[in-house]
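**Student:** If you scroll down you'll find the structure; I have some questions about it.
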Amino acid sequence: MTYDDQNFAKFANAMFEAIAFTDLDCPDCETYGAELSEESKAKMKHDARQFWDRCKHLIEHNAIEQAGHDFWLTRNGHGAGFWDRADDLYLGWDKFLTEVSKEHGEVWIYLGDDGLAHAY
């Protein structure tokens, strides 16, 4: 596994942690306790890879996991994200990272008939 692959894995895993926190571990959500479907994982990982390939050079090594969380929070308007961090975390690129996240569009997680959480 290359250094870039390792860093992308950190970024993507952090994004999945944010998905779990906001959409799967929320007792008020219909998807509470559900597992994210493999198809949805692949879609989210694809989106994360597109973002990562475009923006990885703007993310410091110590901010990779935070960036994974912020990608999910920002694209879905969760009230926190790239724009909400201290200026030095993203070296002044927070507005650009916010714009790129928003380009990916919002993702809605819903409970399927199969008992799995799905993304659209």
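Just so we're on the same page: first chain in the structure tokens is A, next is B, and so on; residues restart at 1 for each chain, and ligands are numbered from 1 in the order they show up.
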Excluding Phe8 (chain A) and any residue of its chain fewer than 5 positions from it, enumerate the residues within 12 Å of it, using only C-alpha atoms, and give them as a VMD selection string.

**Tutor:** chain A and resid 1 to 3 13 to 15 45 to 57 59 61 63 to 65 67 to 68

**Student:** Could you state the separation of CA of Asn62 (chain A) and CA of Lys41 (chain A) in Å, given to one decimal place?

**Tutor:** 24.7 Å

**Student:** Could you give me, as a PyMOL selection string, the residues within 7 Å of region 102-116 of chain A, counting only C-alpha atoms and dropping anything in the same chain fewer than 6 positions from it?

**Tutor:** chain A and resi 23+30-31+34-37+74-76

**Student:** Could you tell me, as a PDB file with C-alpha atoms, in the first residue's frame, which residues of chain A DSSP assigns to helix (DSSP H, G or I) when given the backbone?

**Tutor:**
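File produced: out_9.pdb:
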ATOM      1  CA  TYR A   3       1.720   6.351   1.303  1.00  0.00           C
ATOM      2  CA  ASP A   4      -1.102   8.058  -0.636  1.00  0.00           C
ATOM      3  CA  ASP A   5      -3.288   4.940  -0.333  1.00  0.00           C
ATOM      4  CA  GLN A   6      -2.665   4.860   3.426  1.00  0.00           C
ATOM      5  CA  ASN A   7      -3.644   8.500   3.782  1.00  0.00           C
ATOM      6  CA  PHE A   8      -6.740   8.034   1.625  1.00  0.00           C
ATOM      7  CA  ALA A   9      -7.723   5.062   3.798  1.00  0.00           C
ATOM      8  CA  LYS A  10      -7.450   7.296   6.891  1.00  0.00           C
ATOM      9  CA  PHE A  11      -9.558   9.968   5.165  1.00  0.00           C
ATOM     10  CA  ALA A  12     -12.241   7.485   4.008  1.00  0.00           C
ATOM     11  CA  ASN A  13     -12.401   5.686   7.368  1.00  0.00           C
ATOM     12  CA  ALA A  14     -12.922   9.014   9.124  1.00  0.00           C
ATOM     13  CA  MET A  15     -15.711   9.843   6.661  1.00  0.00           C
ATOM     14  CA  PHE A  16     -17.397   6.516   7.463  1.00  0.00           C
ATOM     15  CA  GLU A  17     -17.073   7.307  11.185  1.00  0.00           C
ATOM     16  CA  ALA A  18     -18.872  10.603  10.534  1.00  0.00           C
ATOM     17  CA  ILE A  19     -21.594   8.786   8.570  1.00  0.00           C
ATOM     18  CA  ALA A  20     -22.065   6.397  11.471  1.00  0.00           C
ATOM     19  CA  PHE A  21     -22.196   9.253  13.969  1.00  0.00           C
ATOM     20  CA  THR A  22     -24.676  11.403  12.045  1.00  0.00           C
ATOM     21  CA  ASP A  23     -26.867   8.776  10.384  1.00  0.00           C
ATOM     22  CA  LEU A  24     -26.439   5.331  11.952  1.00  0.00           C
ATOM     23  CA  GLU A  38     -21.925  -2.404   0.339  1.00  0.00           C
ATOM     24  CA  GLU A  39     -23.298  -0.466  -2.651  1.00  0.00           C
ATOM     25  CA  SER A  40     -23.577   2.673  -0.514  1.00  0.00           C
ATOM     26  CA  LYS A  41     -20.091   2.160   0.905  1.00  0.00           C
ATOM     27  CA  ALA A  42     -18.751   1.949  -2.642  1.00  0.00           C
ATOM     28  CA  LYS A  43     -20.593   5.144  -3.659  1.00  0.00           C
ATOM     29  CA  MET A  44     -19.323   7.035  -0.617  1.00  0.00           C
ATOM     30  CA  LYS A  45     -15.791   5.751  -1.160  1.00  0.00           C
ATOM     31  CA  HIS A  46     -15.936   6.858  -4.810  1.00  0.00           C
ATOM     32  CA  ASP A  47     -17.025  10.361  -3.777  1.00  0.00           C
ATOM     33  CA  ALA A  48     -14.309  10.463  -1.130  1.00  0.00           C
ATOM     34  CA  ARG A  49     -11.680   9.404  -3.674  1.00  0.00           C
ATOM     35  CA  GLN A  50     -12.721  12.173  -6.080  1.00  0.00           C
ATOM     36  CA  PHE A  51     -12.479  14.754  -3.305  1.00  0.00           C
ATOM     37  CA  TRP A  52      -9.183  13.332  -2.042  1.00  0.00           C
ATOM     38  CA  ASP A  53      -7.548  13.294  -5.460  1.00  0.00           C
ATOM     39  CA  ARG A  54      -8.501  16.922  -6.015  1.00  0.00           C
ATOM     40  CA  CYS A  55      -7.679  18.286  -2.543  1.00  0.00           C
ATOM     41  CA  LYS A  56      -5.141  16.033  -0.813  1.00  0.00           C
ATOM     42  CA  HIS A  57      -2.307  18.480  -1.431  1.00  0.00           C
ATOM     43  CA  LEU A  58      -4.195  21.058   0.683  1.00  0.00           C
ATOM     44  CA  HIS A  61      -0.768  15.137   7.465  1.00  0.00           C
ATOM     45  CA  ASN A  62      -2.133  15.877  10.963  1.00  0.00           C
ATOM     46  CA  ALA A  63      -5.559  16.886   9.575  1.00  0.00           C
ATOM     47  CA  ILE A  64      -6.372  13.842   7.396  1.00  0.00           C
ATOM     48  CA  GLU A  65      -8.915  12.263   9.744  1.00  0.00           C
ATOM     49  CA  GLN A  66     -10.530  15.619  10.542  1.00  0.00           C
ATOM     50  CA  ALA A  67     -10.805  16.277   6.798  1.00  0.00           C
ATOM     51  CA  GLY A  68     -12.630  12.961   6.332  1.00  0.00           C
ATOM     52  CA  HIS A  69     -15.169  13.969   8.976  1.00  0.00           C
ATOM     53  CA  ASP A  70     -15.421  17.481   7.569  1.00  0.00           C
ATOM     54  CA  PHE A  71     -16.039  16.229   4.026  1.00  0.00           C
ATOM     55  CA  TRP A  72     -19.148  14.366   5.187  1.00  0.00           C
ATOM     56  CA  LEU A  73     -20.359  17.087   7.545  1.00  0.00           C
ATOM     57  CA  THR A  74     -19.835  19.869   5.007  1.00  0.00           C
ATOM     58  CA  ARG A  75     -21.420  18.214   1.968  1.00  0.00           C
ATOM     59  CA  PHE A  82     -14.273  22.728   6.815  1.00  0.00           C
ATOM     60  CA  TRP A  83     -15.618  26.269   7.178  1.00  0.00           C
ATOM     61  CA  ASP A  84     -15.970  25.840  10.946  1.00  0.00           C
ATOM     62  CA  ASP A  94     -11.247  26.013   4.351  1.00  0.00           C
ATOM     63  CA  LYS A  95     -13.521  27.962   1.955  1.00  0.00           C
ATOM     64  CA  PHE A  96     -12.172  26.124  -1.084  1.00  0.00           C
ATOM     65  CA  LEU A  97     -12.529  22.733   0.640  1.00  0.00           C
ATOM     66  CA  THR A  98     -16.099  23.698   1.571  1.00  0.00           C
ATOM     67  CA  GLU A  99     -16.902  24.561  -2.060  1.00  0.00           C
ATOM     68  CA  VAL A 100     -15.447  21.295  -3.356  1.00  0.00           C
ATOM     69  CA  SER A 101     -17.400  19.319  -0.725  1.00  0.00           C
ATOM     70  CA  LYS A 102     -20.636  21.044  -1.713  1.00  0.00           C
ATOM     71  CA  GLU A 103     -19.988  20.191  -5.388  1.00  0.00           C
TER      72      GLU A 103
END

**Student:** Please return as a PyMOL selection string: the residues of chain A that backbone DSSP assigns to strand (DSSP E or B).

**Tutor:** chain A and resi 36+109-111+117-119

**Student:** Let's have the selection written as a compact mmCIF listing (two decimals), in the first residue's frame, with C-alpha atoms.

**Tutor:**
# COMPACT_ATOMS: atom_id res chain seq x y z
CA LEU A 36 -24.43 0.74 5.54
CA ILE A 109 -29.28 7.85 4.12
CA TYR A 110 -32.44 5.75 4.35
CA LEU A 111 -33.42 2.35 5.69
CA ALA A 117 -28.87 1.73 5.29
CA HIS A 118 -28.66 3.02 1.72
CA ALA A 119 -27.45 6.28 0.23

**Student:** So what do you get for CA of Asp88 (chain A) versus CA of Glu60 (chain A), distance-wise?

**Tutor:**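 Between CA of Asp88 (chain A) and CA of Glu60 (chain A) the gap works out to 10.1 Å.
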
**Student:** Enter the distance from CA of Gly77 (chain A) to CA of Gly92 (chain A), in Å, rounded to one decimal.

**Tutor:**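 For CA of Gly77 (chain A) relative to CA of Gly92 (chain A), the distance reads 20.2 Å.
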